[in-house]
Amino acid sequence: MAIDWSSFTPAGSIAGGVLIGLAVALLLLAKGRIAGVSGIVGGLLSPQRGNVAWRLAFIAGLLAAPLMYGLFAVLPESRIDAGWPLLLVAGLLVGFGTRLGSGCTSGHGVCGMSRLSPRSILATLTFMGFGFATVYVMRHLIVF
Amino acid sequence: MSAIVSFIVGLAFGLGLIVAGMTDPAKVLAFLDLAGSWDPSLALVMGGAIPVSAVAFWMARKKGVSLLGRPIQLPDTRRIDWRLISGSALFGIGWGLAGICPGPALTLLGYGAWQGLVFVAAMIAGMILYGWLLERKT
């Protein structure tokens with residue numbers, strides 16, 4: 001394992017992580033809700049009265065973030081190599097998998113792990129493991 | 001009020017993702033590429049988020065009621081079944097293919113990136129497909 005020191009951004013990572021943690025804290029303490037993005041989006045697909053507006057508002061906030069950031073600074077680069085077929089397959093798997101598994105990196109990885117939830121710890125280890133394995137196969141096993 | 005709070009939460013969450021570099025799929029994939037040139041940044045993002053979140057959950061357990069008066073109901077932590085494992089596995093594979101997960105996907109949409117649109121559309125389709133195939137109809 002060779003660490004890519006030129007790409008490693010410890011300060012930005014921790015700062016961004018703390019900001020995410022604060023967002024989680026605010027949603028939990030102000031509204032009693034888990035900031036799990038797949039769950040917030042998923043809940044819109046079977047909408048219940050009184051359970052829609054806050055979800056839309058949260059998503060609007062996510063969408064607005066790059067716009068707001070861009071007012072004050074240059075947005076960090078976003079490098080996407082995947083073509084549309086791979087994006088389609090990836091998106092389908094992420095959508096299906098997060099609903100089946102009841103969470104994603106924010107729901108299980110941040111919220112669940114911070115509660116020491118055995119469910120979330122196992123889920124996180126599983127999706128991390130499969131993430132590592134998939135990248136290994138795509139980058140080091142499959143030769144085009 | 002509730003919508004304003006939720007908007008601020010989403011904004012802060014998105015800004016956190018941007019500051020952390022998590023809206024750069026190449027950076028996420030570099031974390032998942034253990035055998036390659038490894039970027040540990042994502043681990044530190046979790047390292048920053050989890051302790052802050054942990055304090056909040058500790059406070060929530062003590063209070064029981066949110067600031068806006070709602071009862072704080074937290075999800076089950078115990079039930080481990082095939083859905084949890086297989087769902088997480090499928091999610092992990094999808095994540096490893098493009099380096100994009102739900103939060104960053106929506107933020108990328110805000111970037112105006114066409115890839116964000118394709119991914120989010122497919123993600124929603126995948127969620128709907130799950131509902132059709134596997135959710136109990138009452």
# chains A, B, ... in the order shown; residues from 1 in each chain; ligands from 1
call {"tool": "select_by_dssp", "arguments": {"residues": "segment 24-138 of chain B", "states": "alpha helix (DSSP H)", "output": "ChimeraX atom specification"}}
result
/B:25-32,41-63,82-98,102-111,114-134
call {"tool": "select_by_dssp", "arguments": {"residues": "chain B", "states": "strand (DSSP E or B)", "output": "JSON, numbers by chain"}}
result
{"B": [37, 38, 65, 71]}
call {"tool": "closest_residue", "arguments": {"among": "A:Leu100, A:Val110, A:Leu63, A:Leu141", "to": "Gly14 of chain B", "atoms": "only C-alpha atoms"}}
result
A:Leu63
call {"tool": "closest_residue", "arguments": {"among": "B:Val65, B:Ala35, B:Phe13, B:Val52", "to": "Arg33 of chain A", "atoms": "only C-alpha atoms"}}
result
B:Val65
call {"tool": "closest_residue", "arguments": {"among": "A:Ser117, A:Ser78, A:Ser38, A:Gln48", "to": "Val94 of chain A", "atoms": "only C-alpha atoms"}}
result
A:Ser38
call {"tool": "residues_around", "arguments": {"residues": "Ala25 of chain A", "least_positions_apart": "4", "cutoff": "10 Å", "atoms": "only C-alpha atoms", "output": "ChimeraX atom specification"}}
result
/A:19-21,29-35,111 /B:9,49,52-57,59-60
call {"tool": "closest_residue", "arguments": {"among": "B:Phe91, B:Phe31, B:Trp82, B:Trp132", "to": "chain A", "atoms": "only C-alpha atoms"}}
result
B:Phe91
call {"tool": "residues_around", "arguments": {"residues": "Ser13 of chain A", "least_positions_apart": "5", "cutoff": "10 Å", "atoms": "only C-alpha atoms", "output": "list in words"}}
result
Phe8, Val18 and Leu19 of chain A; Gly16, Leu17, Ile18, Val19, Ala20, Gly21, Met22, Pro40, Ser41, Leu42, Ala43, Leu44, Val45, Met46, Gly47, Gly48 and Ala49 of chain B
call {"tool": "write_last_selection", "arguments": {"atoms": "N, CA, C and O atoms", "output": "PDB file, in the first residue's frame"}}
result
ATOM      1  N   PHE A   8      -3.306  13.435  -0.241  1.00  0.00           N
ATOM      2  CA  PHE A   8      -3.841  13.350   1.108  1.00  0.00           C
ATOM      3  C   PHE A   8      -4.090  14.751   1.667  1.00  0.00           C
ATOM      4  O   PHE A   8      -3.183  15.587   1.669  1.00  0.00           O
ATOM      5  N   VAL A  18     -15.974  17.345  10.447  1.00  0.00           N
ATOM      6  CA  VAL A  18     -16.588  18.014  11.602  1.00  0.00           C
ATOM      7  C   VAL A  18     -17.853  18.757  11.172  1.00  0.00           C
ATOM      8  O   VAL A  18     -18.882  18.711  11.862  1.00  0.00           O
ATOM      9  N   LEU A  19     -17.803  19.402  10.026  1.00  0.00           N
ATOM     10  CA  LEU A  19     -18.973  20.112   9.516  1.00  0.00           C
ATOM     11  C   LEU A  19     -20.122  19.140   9.263  1.00  0.00           C
ATOM     12  O   LEU A  19     -21.280  19.411   9.602  1.00  0.00           O
TER      13      LEU A  19
ATOM     14  N   GLY B  16     -19.731  20.536   4.007  1.00  0.00           N
ATOM     15  CA  GLY B  16     -18.785  19.611   4.627  1.00  0.00           C
ATOM     16  C   GLY B  16     -18.224  18.623   3.613  1.00  0.00           C
ATOM     17  O   GLY B  16     -17.019  18.351   3.589  1.00  0.00           O
ATOM     18  N   LEU B  17     -19.101  18.102   2.768  1.00  0.00           N
ATOM     19  CA  LEU B  17     -18.654  17.159   1.734  1.00  0.00           C
ATOM     20  C   LEU B  17     -17.672  17.830   0.788  1.00  0.00           C
ATOM     21  O   LEU B  17     -16.651  17.247   0.413  1.00  0.00           O
ATOM     22  N   ILE B  18     -17.973  19.079   0.400  1.00  0.00           N
ATOM     23  CA  ILE B  18     -17.120  19.802  -0.536  1.00  0.00           C
ATOM     24  C   ILE B  18     -15.761  20.082   0.088  1.00  0.00           C
ATOM     25  O   ILE B  18     -14.712  19.808  -0.517  1.00  0.00           O
ATOM     26  N   VAL B  19     -15.766  20.616   1.307  1.00  0.00           N
ATOM     27  CA  VAL B  19     -14.519  20.939   2.018  1.00  0.00           C
ATOM     28  C   VAL B  19     -13.672  19.680   2.207  1.00  0.00           C
ATOM     29  O   VAL B  19     -12.437  19.722   2.108  1.00  0.00           O
ATOM     30  N   ALA B  20     -14.344  18.562   2.444  1.00  0.00           N
ATOM     31  CA  ALA B  20     -13.642  17.291   2.674  1.00  0.00           C
ATOM     32  C   ALA B  20     -13.152  16.645   1.391  1.00  0.00           C
ATOM     33  O   ALA B  20     -12.446  15.648   1.433  1.00  0.00           O
ATOM     34  N   GLY B  21     -13.545  17.209   0.255  1.00  0.00           N
ATOM     35  CA  GLY B  21     -13.118  16.620  -1.018  1.00  0.00           C
ATOM     36  C   GLY B  21     -13.942  15.417  -1.428  1.00  0.00           C
ATOM     37  O   GLY B  21     -13.581  14.684  -2.354  1.00  0.00           O
ATOM     38  N   MET B  22     -15.063  15.184  -0.742  1.00  0.00           N
ATOM     39  CA  MET B  22     -15.846  13.989  -1.014  1.00  0.00           C
ATOM     40  C   MET B  22     -16.770  14.135  -2.232  1.00  0.00           C
ATOM     41  O   MET B  22     -17.470  13.182  -2.598  1.00  0.00           O
ATOM     42  N   PRO B  40      -5.719   8.305   2.156  1.00  0.00           N
ATOM     43  CA  PRO B  40      -6.467   7.979   3.385  1.00  0.00           C
ATOM     44  C   PRO B  40      -7.513   9.015   3.791  1.00  0.00           C
ATOM     45  O   PRO B  40      -8.187   8.834   4.806  1.00  0.00           O
ATOM     46  N   SER B  41      -7.661  10.080   3.012  1.00  0.00           N
ATOM     47  CA  SER B  41      -8.502  11.213   3.435  1.00  0.00           C
ATOM     48  C   SER B  41      -9.890  10.823   3.929  1.00  0.00           C
ATOM     49  O   SER B  41     -10.352  11.347   4.949  1.00  0.00           O
ATOM     50  N   LEU B  42     -10.579   9.916   3.232  1.00  0.00           N
ATOM     51  CA  LEU B  42     -11.944   9.575   3.611  1.00  0.00           C
ATOM     52  C   LEU B  42     -12.023   9.077   5.054  1.00  0.00           C
ATOM     53  O   LEU B  42     -12.992   9.349   5.765  1.00  0.00           O
ATOM     54  N   ALA B  43     -10.990   8.368   5.483  1.00  0.00           N
ATOM     55  CA  ALA B  43     -10.967   7.872   6.863  1.00  0.00           C
ATOM     56  C   ALA B  43     -10.965   9.028   7.854  1.00  0.00           C
ATOM     57  O   ALA B  43     -11.604   8.981   8.900  1.00  0.00           O
ATOM     58  N   LEU B  44     -10.259  10.098   7.512  1.00  0.00           N
ATOM     59  CA  LEU B  44     -10.218  11.256   8.395  1.00  0.00           C
ATOM     60  C   LEU B  44     -11.532  12.033   8.364  1.00  0.00           C
ATOM     61  O   LEU B  44     -11.908  12.679   9.347  1.00  0.00           O
ATOM     62  N   VAL B  45     -12.230  11.966   7.225  1.00  0.00           N
ATOM     63  CA  VAL B  45     -13.545  12.605   7.159  1.00  0.00           C
ATOM     64  C   VAL B  45     -14.472  11.940   8.177  1.00  0.00           C
ATOM     65  O   VAL B  45     -15.138  12.602   8.971  1.00  0.00           O
ATOM     66  N   MET B  46     -14.479  10.601   8.161  1.00  0.00           N
ATOM     67  CA  MET B  46     -15.264   9.860   9.142  1.00  0.00           C
ATOM     68  C   MET B  46     -14.768  10.168  10.554  1.00  0.00           C
ATOM     69  O   MET B  46     -15.550  10.319  11.487  1.00  0.00           O
ATOM     70  N   GLY B  47     -13.430  10.282  10.671  1.00  0.00           N
ATOM     71  CA  GLY B  47     -12.820  10.571  11.957  1.00  0.00           C
ATOM     72  C   GLY B  47     -13.237  11.922  12.516  1.00  0.00           C
ATOM     73  O   GLY B  47     -13.274  12.131  13.720  1.00  0.00           O
ATOM     74  N   GLY B  48     -13.540  12.860  11.637  1.00  0.00           N
ATOM     75  CA  GLY B  48     -14.021  14.166  12.071  1.00  0.00           C
ATOM     76  C   GLY B  48     -15.509  14.149  12.371  1.00  0.00           C
ATOM     77  O   GLY B  48     -15.983  14.770  13.329  1.00  0.00           O
ATOM     78  N   ALA B  49     -16.261  13.407  11.561  1.00  0.00           N
ATOM     79  CA  ALA B  49     -17.721  13.409  11.685  1.00  0.00           C
ATOM     80  C   ALA B  49     -18.228  12.572  12.849  1.00  0.00           C
ATOM     81  O   ALA B  49     -19.144  12.988  13.568  1.00  0.00           O
TER      82      ALA B  49
END
call {"tool": "atom_distance", "arguments": {"atom1": "atom CA of Ala60 of chain A", "atom2": "atom CA of Ile4 of chain B"}}
result
10.4 Å
call {"tool": "closest_residue", "arguments": {"among": "B:Ile128, B:Leu84, B:Ala105, B:Leu133", "to": "chain A", "atoms": "only C-alpha atoms"}}
result
B:Leu84
call {"tool": "residues_around", "arguments": {"residues": "Ala121 of chain B", "least_positions_apart": "3", "cutoff": "9 Å", "atoms": "only C-alpha atoms", "output": "ChimeraX atom specification"}}
result
/A:88,91-92 /B:116-118,124-126
call {"tool": "write_last_selection", "arguments": {"atoms": "all heavy atoms", "output": "compact mmCIF listing (two decimals), in the first residue's frame"}}
result
# COMPACT_ATOMS: atom_id res chain seq x y z
N LEU A 88 -24.82 4.65 -14.84
CA LEU A 88 -26.16 4.06 -14.74
C LEU A 88 -26.15 2.83 -13.83
O LEU A 88 -26.96 2.70 -12.92
CB LEU A 88 -26.68 3.65 -16.12
CG LEU A 88 -27.52 4.67 -16.89
CD1 LEU A 88 -27.95 4.09 -18.23
CD2 LEU A 88 -28.75 5.06 -16.09
N GLY A 91 -25.31 3.83 -10.22
CA GLY A 91 -26.45 4.48 -9.59
C GLY A 91 -27.55 3.50 -9.21
O GLY A 91 -28.11 3.56 -8.11
N LEU A 92 -27.85 2.57 -10.12
CA LEU A 92 -28.87 1.55 -9.84
C LEU A 92 -28.49 0.73 -8.61
O LEU A 92 -29.31 0.50 -7.73
CB LEU A 92 -29.04 0.62 -11.05
CG LEU A 92 -29.94 1.12 -12.18
CD1 LEU A 92 -29.82 0.22 -13.40
CD2 LEU A 92 -31.40 1.19 -11.73
N GLY B 116 -23.83 13.88 -12.52
CA GLY B 116 -24.67 13.89 -11.33
C GLY B 116 -26.11 13.56 -11.68
O GLY B 116 -26.77 12.80 -10.97
N LEU B 117 -26.58 14.11 -12.77
CA LEU B 117 -27.94 13.89 -13.20
C LEU B 117 -28.17 12.42 -13.56
O LEU B 117 -29.15 11.81 -13.13
CB LEU B 117 -28.25 14.78 -14.42
CG LEU B 117 -29.71 14.85 -14.84
CD1 LEU B 117 -30.58 15.39 -13.71
CD2 LEU B 117 -29.85 15.76 -16.07
N VAL B 118 -27.25 11.86 -14.34
CA VAL B 118 -27.37 10.45 -14.74
C VAL B 118 -27.35 9.55 -13.51
O VAL B 118 -28.18 8.66 -13.36
CB VAL B 118 -26.23 10.05 -15.70
CG1 VAL B 118 -26.22 8.55 -15.94
CG2 VAL B 118 -26.37 10.80 -17.02
N ILE B 124 -32.36 6.89 -8.12
CA ILE B 124 -33.79 6.93 -7.81
C ILE B 124 -34.50 5.73 -8.45
O ILE B 124 -35.37 5.09 -7.85
CB ILE B 124 -34.41 8.26 -8.28
CG1 ILE B 124 -33.87 9.39 -7.39
CG2 ILE B 124 -35.93 8.22 -8.23
CD1 ILE B 124 -34.25 10.79 -7.84
N ALA B 125 -34.10 5.41 -9.69
CA ALA B 125 -34.69 4.25 -10.36
C ALA B 125 -34.41 2.98 -9.55
O ALA B 125 -35.30 2.13 -9.38
CB ALA B 125 -34.11 4.11 -11.77
N GLY B 126 -33.20 2.87 -9.05
CA GLY B 126 -32.84 1.70 -8.24
C GLY B 126 -33.66 1.63 -6.97
O GLY B 126 -34.09 0.55 -6.55
call {"tool": "residues_around", "arguments": {"residues": "Met113 of chain A", "least_positions_apart": "6", "cutoff": "10 Å", "atoms": "only C-alpha atoms", "output": "mmCIF file with N, CA, C and O atoms, in the first residue's frame"}}
result
data_model
loop_
_atom_site.group_PDB
_atom_site.id
_atom_site.type_symbol
_atom_site.label_atom_id
_atom_site.label_comp_id
_atom_site.auth_asym_id
_atom_site.auth_seq_id
_atom_site.Cartn_x
_atom_site.Cartn_y
_atom_site.Cartn_z
ATOM 1 N N THR A 105 -23.302 5.690 3.554
ATOM 2 C CA THR A 105 -22.138 6.167 4.304
ATOM 3 C C THR A 105 -22.522 7.166 5.392
ATOM 4 O O THR A 105 -21.876 7.229 6.439
ATOM 5 N N SER A 106 -23.584 7.952 5.165
ATOM 6 C CA SER A 106 -24.004 8.896 6.204
ATOM 7 C C SER A 106 -24.878 8.216 7.255
ATOM 8 O O SER A 106 -24.669 8.377 8.456
ATOM 9 N N GLY A 107 -25.844 7.430 6.795
ATOM 10 C CA GLY A 107 -26.761 6.779 7.733
ATOM 11 C C GLY A 107 -26.085 5.737 8.606
ATOM 12 O O GLY A 107 -26.163 5.768 9.829
ATOM 13 N N ARG A 119 -25.671 -3.137 13.978
ATOM 14 C CA ARG A 119 -26.214 -3.182 12.624
ATOM 15 C C ARG A 119 -25.394 -2.304 11.683
ATOM 16 O O ARG A 119 -24.997 -2.715 10.599
ATOM 17 N N SER A 120 -25.154 -1.092 12.126
ATOM 18 C CA SER A 120 -24.451 -0.135 11.272
ATOM 19 C C SER A 120 -22.981 -0.456 11.131
ATOM 20 O O SER A 120 -22.397 -0.231 10.075
ATOM 21 N N ILE A 121 -22.375 -0.959 12.211
ATOM 22 C CA ILE A 121 -20.961 -1.327 12.133
ATOM 23 C C ILE A 121 -20.794 -2.427 11.096
ATOM 24 O O ILE A 121 -19.907 -2.365 10.222
ATOM 25 N N LEU A 122 -21.678 -3.423 11.143
ATOM 26 C CA LEU A 122 -21.605 -4.513 10.176
ATOM 27 C C LEU A 122 -21.884 -4.022 8.755
ATOM 28 O O LEU A 122 -21.198 -4.403 7.807
ATOM 29 N N ALA A 123 -22.896 -3.161 8.630
ATOM 30 C CA ALA A 123 -23.224 -2.620 7.303
ATOM 31 C C ALA A 123 -22.032 -1.853 6.731
ATOM 32 O O ALA A 123 -21.665 -2.008 5.563
ATOM 33 N N THR A 124 -21.416 -1.032 7.575
ATOM 34 C CA THR A 124 -20.285 -0.214 7.130
ATOM 35 C C THR A 124 -19.106 -1.085 6.715
ATOM 36 O O THR A 124 -18.509 -0.869 5.658
ATOM 37 N N MET B 46 -14.479 10.601 8.161
ATOM 38 C CA MET B 46 -15.264 9.860 9.142
ATOM 39 C C MET B 46 -14.768 10.168 10.554
ATOM 40 O O MET B 46 -15.550 10.319 11.487
ATOM 41 N N ILE B 50 -17.641 11.395 13.032
ATOM 42 C CA ILE B 50 -18.183 10.452 14.016
ATOM 43 C C ILE B 50 -18.138 10.957 15.457
ATOM 44 O O ILE B 50 -19.140 10.854 16.172
ATOM 45 N N PRO B 51 -17.011 11.506 15.931
ATOM 46 C CA PRO B 51 -17.011 11.997 17.317
ATOM 47 C C PRO B 51 -18.043 13.096 17.570
ATOM 48 O O PRO B 51 -18.709 13.095 18.608
ATOM 49 N N SER B 53 -20.839 13.585 15.902
ATOM 50 C CA SER B 53 -22.132 12.911 15.851
ATOM 51 C C SER B 53 -22.383 12.110 17.137
ATOM 52 O O SER B 53 -23.508 12.081 17.648
ATOM 53 N N ALA B 54 -21.331 11.492 17.652
ATOM 54 C CA ALA B 54 -21.463 10.685 18.869
ATOM 55 C C ALA B 54 -21.929 11.533 20.048
ATOM 56 O O ALA B 54 -22.779 11.112 20.841
#
call {"tool": "residues_around", "arguments": {"residues": "Gly94 of chain B", "least_positions_apart": "4", "cutoff": "10 Å", "atoms": "only C-alpha atoms", "output": "ChimeraX atom specification"}}
result
/A:86-98,127,130-131,134 /B:88-90,98-101,123
call {"tool": "write_last_selection", "arguments": {"atoms": "N, CA, C and O atoms", "output": "short mmCIF file (atom, residue, chain, number, x, y, z; two decimals), in the first residue's frame"}}
result
data_model
loop_
_atom_site.label_atom_id
_atom_site.label_comp_id
_atom_site.auth_asym_id
_atom_site.auth_seq_id
_atom_site.Cartn_x
_atom_site.Cartn_y
_atom_site.Cartn_z
N LEU A 86 -21.52 3.16 -17.05
CA LEU A 86 -21.05 2.80 -15.72
C LEU A 86 -21.79 3.60 -14.65
O LEU A 86 -22.13 3.06 -13.59
N LEU A 87 -22.06 4.87 -14.93
CA LEU A 87 -22.81 5.70 -13.99
C LEU A 87 -24.21 5.14 -13.76
O LEU A 87 -24.73 5.15 -12.65
N LEU A 88 -24.82 4.65 -14.84
CA LEU A 88 -26.16 4.06 -14.74
C LEU A 88 -26.15 2.83 -13.83
O LEU A 88 -26.96 2.70 -12.92
N VAL A 89 -25.21 1.93 -14.11
CA VAL A 89 -25.12 0.70 -13.32
C VAL A 89 -24.80 1.03 -11.86
O VAL A 89 -25.43 0.50 -10.95
N ALA A 90 -23.82 1.91 -11.67
CA ALA A 90 -23.43 2.30 -10.31
C ALA A 90 -24.60 2.91 -9.56
O ALA A 90 -24.88 2.57 -8.41
N GLY A 91 -25.31 3.83 -10.22
CA GLY A 91 -26.45 4.48 -9.59
C GLY A 91 -27.55 3.50 -9.21
O GLY A 91 -28.11 3.56 -8.11
N LEU A 92 -27.85 2.57 -10.12
CA LEU A 92 -28.87 1.55 -9.84
C LEU A 92 -28.49 0.73 -8.61
O LEU A 92 -29.31 0.50 -7.73
N LEU A 93 -27.23 0.29 -8.57
CA LEU A 93 -26.77 -0.51 -7.44
C LEU A 93 -26.82 0.27 -6.14
O LEU A 93 -27.21 -0.25 -5.10
N VAL A 94 -26.39 1.53 -6.20
CA VAL A 94 -26.41 2.36 -4.99
C VAL A 94 -27.84 2.59 -4.53
O VAL A 94 -28.15 2.48 -3.34
N GLY A 95 -28.73 2.89 -5.47
CA GLY A 95 -30.13 3.12 -5.10
C GLY A 95 -30.78 1.88 -4.52
O GLY A 95 -31.39 1.92 -3.44
N PHE A 96 -30.64 0.78 -5.20
CA PHE A 96 -31.24 -0.48 -4.75
C PHE A 96 -30.61 -0.95 -3.44
O PHE A 96 -31.30 -1.30 -2.50
N GLY A 97 -29.27 -0.94 -3.43
CA GLY A 97 -28.54 -1.44 -2.27
C GLY A 97 -28.79 -0.63 -1.00
O GLY A 97 -28.93 -1.20 0.08
N THR A 98 -28.83 0.69 -1.11
CA THR A 98 -29.03 1.49 0.10
C THR A 98 -30.43 1.29 0.67
O THR A 98 -30.62 1.35 1.89
N PHE A 127 -20.09 -2.63 3.27
CA PHE A 127 -20.02 -1.80 2.06
C PHE A 127 -18.61 -1.30 1.80
O PHE A 127 -18.18 -1.15 0.66
N PHE A 130 -16.80 -4.32 0.19
CA PHE A 130 -17.17 -4.50 -1.21
C PHE A 130 -16.69 -3.33 -2.07
O PHE A 130 -16.40 -3.49 -3.25
N GLY A 131 -16.61 -2.17 -1.47
CA GLY A 131 -16.06 -1.01 -2.18
C GLY A 131 -14.59 -1.23 -2.51
O GLY A 131 -14.15 -1.03 -3.65
N THR A 134 -14.30 -4.01 -5.15
CA THR A 134 -14.72 -3.58 -6.50
C THR A 134 -13.63 -2.76 -7.17
O THR A 134 -13.32 -2.97 -8.34
N SER B 88 -25.99 -3.84 1.73
CA SER B 88 -24.70 -3.15 1.92
C SER B 88 -23.68 -3.60 0.88
O SER B 88 -22.88 -2.80 0.39
N ALA B 89 -23.72 -4.89 0.54
CA ALA B 89 -22.80 -5.41 -0.46
C ALA B 89 -23.06 -4.75 -1.82
O ALA B 89 -22.13 -4.27 -2.48
N LEU B 90 -24.33 -4.71 -2.22
CA LEU B 90 -24.69 -4.10 -3.50
C LEU B 90 -24.33 -2.62 -3.51
O LEU B 90 -23.80 -2.10 -4.51
N ALA B 98 -18.15 3.83 -9.30
CA ALA B 98 -18.03 5.23 -9.73
C ALA B 98 -17.50 6.17 -8.66
O ALA B 98 -17.22 7.33 -8.95
N GLY B 99 -17.40 5.67 -7.41
CA GLY B 99 -16.91 6.53 -6.34
C GLY B 99 -17.92 7.57 -5.89
O GLY B 99 -17.57 8.62 -5.34
N ILE B 100 -19.21 7.27 -6.13
CA ILE B 100 -20.26 8.23 -5.78
C ILE B 100 -21.29 7.54 -4.87
O ILE B 100 -21.73 6.45 -5.17
N CYS B 101 -21.65 8.20 -3.76
CA CYS B 101 -22.71 7.69 -2.90
C CYS B 101 -23.77 8.78 -2.78
O CYS B 101 -23.59 9.85 -3.33
N MET B 123 -30.01 6.23 -9.49
CA MET B 123 -30.15 5.92 -8.07
C MET B 123 -31.61 5.89 -7.68
O MET B 123 -32.07 4.96 -7.00
#
call {"tool": "atom_distance", "arguments": {"atom1": "atom CA of Ser86 of chain B", "atom2": "atom CA of Met128 of chain A"}}
result
12.8 Å
call {"tool": "closest_residue", "arguments": {"among": "B:Arg61, B:Val28, B:Pro104, B:Tyr130", "to": "chain A", "atoms": "only C-alpha atoms"}}
result
B:Tyr130
call {"tool": "atom_distance", "arguments": {"atom1": "atom CA of Thr9 of chain A", "atom2": "atom CA of Thr23 of chain B"}}
result
13.6 Å
